[in-house]
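Okay, structure first, notes after.
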Amino acid sequence: MSIALNQPAATPALTANHAGIRRWLWTVAALVFLMIVVGGATRLTGSGLSITEWKPITGAMPPLSAGAWAEEFAKYRASPQYQILNNGMSLGEFQFIYWWEWGHRQLGRFIGLVFLAGFLVVALRRLLPGRRITVLFGMGLLLGLQGAIGWIMVASGLEPGMVAVAPVKLTLHLTFAGLFFASVVAFATRLTPQRRPETAGSAAMAWLLLLLTFVQIALGGLVAGSKAGFTFNTWPMMDGAVVPPGSLLFAKQPFWENFVDNVALVQFNHRLGAYVLLAAALWQLWRLQRAAPQSSAARRARAIAGIVAAQAVLGIVTLLLVVPLWAGLAHQALAFAVLAMAVVHLTRLAAERADVV
């Protein structure tokens, strides 16, 4: 069932169906956003390797007795992180990091159940055209893949000699979370009727902003994975220069390893990404303010530029304060707020070029 964009009204059944589906999708998006924050806290508290097994079903049950806690603690004591970094940790300290990781995994399970329940209702009742149900099915596969990548990431931190997960795998985990989050936001936005047709705005520019946002989130994942935010805690200078010397940025061999494991280059790339994203957001705002200052596209451009600027300031504060928990979480959360705004903006601009909602 579909409706042409040019038609001003929708049937009551269609409107009701779309409203219910939108509520479901925005609920999923909110849960994913919460998951990003909880995941950041799990990482910053060093909790991500506290559960050393992946049991998608039975792992939902936490330890409920002293014996069960002793068994879980024994598994963690056999891990490289405990032996190298946390040797001598008490049971109470272990329980603190265990609950963070358990909560993170439980929230992931809950998101999966909420998405599956909504999908089954939409599919079985045929509330949307078949091609859109197929898209939702693909989104479900992406969510499942994200869970598998999460375990692959954790497993990388359980390898001999490791005290944290591999930066590349953490970045992959974060990026796929962003992809699923963006797909949910785009689908929900696409089902929301537009009050008036878009008359301004460049879809190409909106695509560029979205791409730059994803790149910046990925670069932030590398910073988090390599703990690059705990070094070079000055701004705008970095190691005494705006652009550090090549001998610092490319100190590792082979050459490509610098982009992942060299904290200097990893942080410098994240700084550059922030400058480029902010410049692109301001450029789009300038163009839309000149072309159609009263348009909805211009209003969104103002919001995007404002959030990107706030995110840049927060990033600097986080760096200067050497990544306190509150700042690290706020910085990660605001990054996904930027992503949501970029997706909504692009989806709105692209909608006028489609034939149906």
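FYI, nothing fancy with the structure tokens labels: chains A, B, ... in order, residues from 1 per chain, ligands from 1 as they appear.
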Write out as a list in words the residues lying within 8 Å of Thr192 in chain A, counting only C-alpha atoms and excluding same-chain residues fewer than 6 positions away.
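Answer for this query is His18, Ala19 and Arg22 of chain A.
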Keeping only all heavy atoms, write those residues as a short mmCIF file (atom, residue, chain, number, x, y, z; two decimals), in the first residue's frame.
```
data_model
loop_
_atom_site.label_atom_id
_atom_site.label_comp_id
_atom_site.auth_asym_id
_atom_site.auth_seq_id
_atom_site.Cartn_x
_atom_site.Cartn_y
_atom_site.Cartn_z
N HIS A 18 1.11 3.77 9.42
CA HIS A 18 2.39 4.48 9.40
C HIS A 18 2.71 5.07 10.77
O HIS A 18 3.87 5.06 11.20
CB HIS A 18 2.38 5.56 8.34
CG HIS A 18 2.62 5.03 6.96
ND1 HIS A 18 2.86 5.86 5.89
CD2 HIS A 18 2.66 3.77 6.48
CE1 HIS A 18 3.04 5.12 4.80
NE2 HIS A 18 2.91 3.85 5.14
N ALA A 19 1.72 5.58 11.47
CA ALA A 19 1.96 6.16 12.79
C ALA A 19 2.46 5.11 13.76
O ALA A 19 3.41 5.34 14.53
CB ALA A 19 0.68 6.82 13.32
N ARG A 22 6.00 4.09 12.76
CA ARG A 22 6.95 5.15 13.14
C ARG A 22 7.27 5.09 14.63
O ARG A 22 8.43 5.23 15.03
CB ARG A 22 6.39 6.52 12.78
CG ARG A 22 6.40 6.84 11.30
CD ARG A 22 6.25 8.34 11.07
NE ARG A 22 5.09 8.90 11.73
CZ ARG A 22 3.88 8.96 11.19
NH1 ARG A 22 3.66 8.46 9.98
NH2 ARG A 22 2.87 9.50 11.84
#
```
Please provide the set of residues having any atom within 12 Å of Met237 in chain A, restricted to only C-alpha atoms, with same-chain residues fewer than 3 positions apart removed, written as JSON, numbers by chain.
-> {"A": [232, 233, 234, 240, 241, 242, 243, 244, 268, 271, 316, 319, 320]}
Take the residues from that selection and write them out as a CSV table (one decimal), in the first residue's frame, keeping N, CA, C and O atoms.
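Final file, selection-v7.csv:
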```csv
chain,number,residue,atom,x,y,z
A,232,PHE,N,48.5,13.7,24.1
A,232,PHE,CA,48.5,15.0,23.3
A,232,PHE,C,47.3,15.8,23.7
A,232,PHE,O,46.5,16.2,22.9
A,233,ASN,N,47.2,16.1,25.0
A,233,ASN,CA,46.0,16.7,25.6
A,233,ASN,C,46.1,18.2,25.6
A,233,ASN,O,45.9,18.9,26.6
A,234,THR,N,46.4,18.8,24.4
A,234,THR,CA,46.4,20.2,24.2
A,234,THR,C,45.7,20.5,22.9
A,234,THR,O,45.5,19.6,22.0
A,240,GLY,N,53.2,20.5,20.4
A,240,GLY,CA,53.9,21.8,20.1
A,240,GLY,C,53.7,22.3,18.7
A,240,GLY,O,54.3,23.4,18.4
A,241,ALA,N,52.9,21.7,17.9
A,241,ALA,CA,52.7,22.2,16.5
A,241,ALA,C,51.2,21.9,16.1
A,241,ALA,O,50.6,20.9,16.6
A,242,VAL,N,50.7,22.7,15.2
A,242,VAL,CA,49.4,22.5,14.7
A,242,VAL,C,49.4,21.2,13.8
A,242,VAL,O,48.5,20.4,13.9
A,243,VAL,N,50.5,21.0,13.1
A,243,VAL,CA,50.7,19.8,12.3
A,243,VAL,C,51.9,19.1,12.8
A,243,VAL,O,53.1,19.6,12.6
A,244,PRO,N,51.8,18.0,13.5
A,244,PRO,CA,53.0,17.4,14.1
A,244,PRO,C,54.0,16.9,13.0
A,244,PRO,O,53.5,16.6,11.8
A,268,PHE,N,45.4,12.8,15.3
A,268,PHE,CA,45.5,13.9,14.3
A,268,PHE,C,44.4,13.8,13.2
A,268,PHE,O,43.8,14.7,12.8
A,271,ARG,N,41.1,14.9,14.5
A,271,ARG,CA,41.1,16.4,14.5
A,271,ARG,C,40.8,16.9,13.1
A,271,ARG,O,39.9,17.8,13.0
A,316,ILE,N,37.0,19.1,22.1
A,316,ILE,CA,38.1,19.8,22.7
A,316,ILE,C,38.2,19.7,24.2
A,316,ILE,O,39.2,19.4,24.8
A,319,LEU,N,39.2,16.3,25.3
A,319,LEU,CA,40.6,16.1,25.1
A,319,LEU,C,41.4,16.8,26.2
A,319,LEU,O,42.3,16.2,26.9
A,320,LEU,N,41.1,18.1,26.5
A,320,LEU,CA,41.8,18.9,27.5
A,320,LEU,C,41.7,18.3,28.9
A,320,LEU,O,42.6,18.4,29.7
```
message = Restricting the calculation to only C-alpha atoms: of A:Gly157, A:Gly150, A:Gly306, A:Pro167, which residue gets closest to Gly225 in chain A?
response =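 Looking at the shortest contact to Gly225 in chain A, the residue is A:Pro167.
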Requested in this report: Work out how far apart CA of Arg287 in chain A and CA of Arg300 in chain A are and give it in Å to one decimal.
Outcome: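 Here the two named atoms are 12.6 Å from each other.
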Across A:Ser202, A:Thr134, A:Asn86, A:Ser295, the smallest distance to Thr347 in chain A, with only C-alpha atoms counted, is shown by A:Ser202
CA of Gln146 in chain A to CA of Leu34 in chain A measures 15.5 Å
Need the shell around Val308 in chain A: protein/DNA/RNA residues with any atom at most 12 Å away, counting only C-alpha atoms. Skip same-chain ones fewer than 2 positions apart. Format as number ranges by chain? A: 209, 212-213, 216, 273-282, 285, 301-306, 310-315, 331, 334-342
Exercise for review: Return the single residue from A:Trp235, A:Phe33, A:Trp283, A:Trp26 that is closest to Gln267 in chain A, with distances computed using only C-alpha atoms.
Suggested key: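 Using only C-alpha atoms, the shortest distance to Gln267 in chain A belongs to A:Trp235.
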Self-check item: Shell of 9 Å around Gly140 in chain A, only C-alpha atoms, local chain residues under 6 positions omitted, as number ranges by chain
Solution: A: 112, 115-116, 119, 180
Could you write out that same residue set with N, CA and C atoms as a PDB file, in the first residue's frame?
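This went into part19.pdb:
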```
ATOM      1  N   GLY A 112      17.073  -6.406  19.919  1.00  0.00           N
ATOM      2  CA  GLY A 112      16.766  -7.443  18.944  1.00  0.00           C
ATOM      3  C   GLY A 112      15.334  -7.932  19.056  1.00  0.00           C
ATOM      4  N   PHE A 115      12.878  -5.158  17.848  1.00  0.00           N
ATOM      5  CA  PHE A 115      12.874  -5.054  16.389  1.00  0.00           C
ATOM      6  C   PHE A 115      12.166  -6.260  15.764  1.00  0.00           C
ATOM      7  N   LEU A 116      12.457  -7.456  16.267  1.00  0.00           N
ATOM      8  CA  LEU A 116      11.835  -8.663  15.720  1.00  0.00           C
ATOM      9  C   LEU A 116      10.324  -8.635  15.902  1.00  0.00           C
ATOM     10  N   PHE A 119       8.834  -6.167  13.468  1.00  0.00           N
ATOM     11  CA  PHE A 119       8.934  -6.666  12.091  1.00  0.00           C
ATOM     12  C   PHE A 119       7.881  -7.730  11.815  1.00  0.00           C
ATOM     13  N   PHE A 180      23.106   0.701  11.348  1.00  0.00           N
ATOM     14  CA  PHE A 180      21.762   0.254  11.730  1.00  0.00           C
ATOM     15  C   PHE A 180      20.940   1.435  12.258  1.00  0.00           C
TER      16      PHE A 180
END
```
I need the residues of range 159-344 of chain A that end up classed as helix (DSSP H, G or I) by DSSP on the backbone, written out as number ranges by chain. A: 167-190, 203-226, 228-230, 246-249, 255-261, 263-291, 296-320, 325-344
Considering only C-alpha atoms, tabulate each residue of range 147-257 of chain A that lies at most 12 Å from range 39-52 of chain A along with its nearest interatomic pair and the corresponding distance in Å to one decimal; arrange the rows by chain and ascending residue number and present them as a Markdown table.
```
| residue | atom | partner | partner_atom | distance |
| --- | --- | --- | --- | --- |
| A:Gly150 | CA | A:Gly48 | CA | 10.1 |
| A:Trp151 | CA | A:Thr52 | CA | 9.6 |
| A:Ile152 | CA | A:Thr52 | CA | 11.5 |
| A:Met153 | CA | A:Gly48 | CA | 9.5 |
| A:Val154 | CA | A:Leu49 | CA | 6.3 |
| A:Ala155 | CA | A:Thr52 | CA | 7.8 |
| A:Ser156 | CA | A:Leu49 | CA | 9.7 |
| A:Gly157 | CA | A:Leu49 | CA | 6.8 |
| A:Leu158 | CA | A:Leu49 | CA | 7.3 |
| A:Glu159 | CA | A:Thr52 | CA | 10.9 |
| A:Met162 | CA | A:Leu49 | CA | 10.3 |
| A:Val163 | CA | A:Leu49 | CA | 8.5 |
| A:Ala164 | CA | A:Leu49 | CA | 7.4 |
| A:Val165 | CA | A:Leu49 | CA | 8.0 |
| A:Ala166 | CA | A:Leu49 | CA | 11.7 |
| A:Pro167 | CA | A:Arg43 | CA | 11.7 |
| A:Leu170 | CA | A:Arg43 | CA | 9.8 |
| A:His173 | CA | A:Gly39 | CA | 10.3 |
| A:Leu174 | CA | A:Gly39 | CA | 9.2 |
| A:Ala177 | CA | A:Gly39 | CA | 10.5 |
| A:Gly220 | CA | A:Gly40 | CA | 11.6 |
| A:Gly221 | CA | A:Gly40 | CA | 10.3 |
| A:Ala224 | CA | A:Arg43 | CA | 8.4 |
| A:Gly225 | CA | A:Arg43 | CA | 8.8 |
| A:Ser226 | CA | A:Arg43 | CA | 11.6 |
| A:Lys227 | CA | A:Leu44 | CA | 9.6 |
| A:Gly229 | CA | A:Leu44 | CA | 11.4 |
| A:Phe230 | CA | A:Leu44 | CA | 11.5 |
```
### Task
Within 9 Å of Ile111 in chain A, counting only C-alpha atoms, which residues show up once you throw out same-chain ones fewer than 5 positions away? Write them as a PyMOL selection string, please.
chain A and resi 28+31-32+35+106+116+143
Store the residues of this selection in a file with N, CA and C atoms, as a CSV table (one decimal), in the first residue's frame.
```csv
chain,number,residue,atom,x,y,z
A,28,VAL,N,13.0,1.9,18.6
A,28,VAL,CA,14.2,1.2,18.3
A,28,VAL,C,15.4,2.1,18.2
A,31,LEU,N,16.4,3.2,21.6
A,31,LEU,CA,17.2,2.1,22.3
A,31,LEU,C,18.6,2.0,21.8
A,32,VAL,N,18.8,2.1,20.5
A,32,VAL,CA,20.1,2.0,19.9
A,32,VAL,C,21.0,3.2,20.4
A,35,MET,N,22.0,2.4,23.7
A,35,MET,CA,23.0,1.3,23.6
A,35,MET,C,24.4,1.9,23.4
A,106,GLN,N,22.5,-7.3,27.6
A,106,GLN,CA,21.1,-7.4,27.8
A,106,GLN,C,20.3,-6.4,27.0
A,116,LEU,N,12.5,-7.5,16.3
A,116,LEU,CA,11.8,-8.7,15.7
A,116,LEU,C,10.3,-8.6,15.9
A,143,LEU,N,21.3,-5.9,12.1
A,143,LEU,CA,21.3,-5.9,13.5
A,143,LEU,C,21.9,-7.2,14.0
```
- [ ] With a distance cut-off of 9 Å and only C-alpha atoms, select the neighbouring residues of Phe259 in chain A, excluding the residue or stretch itself and same-chain residues fewer than 4 positions from it, and output the selection as a PyMOL selection string.
- [x] chain A and resi 222+249-250+255+263+265-266+269
Nearest to Pro63 in chain A, restricted to only C-alpha atoms and choosing among A:Gln284, A:Ala309, A:Ser79, A:Trp102, comes out as A:Trp102
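Between CA of Val185 in chain A and CA of Leu288 in chain A there is a distance of 23.2 Å.
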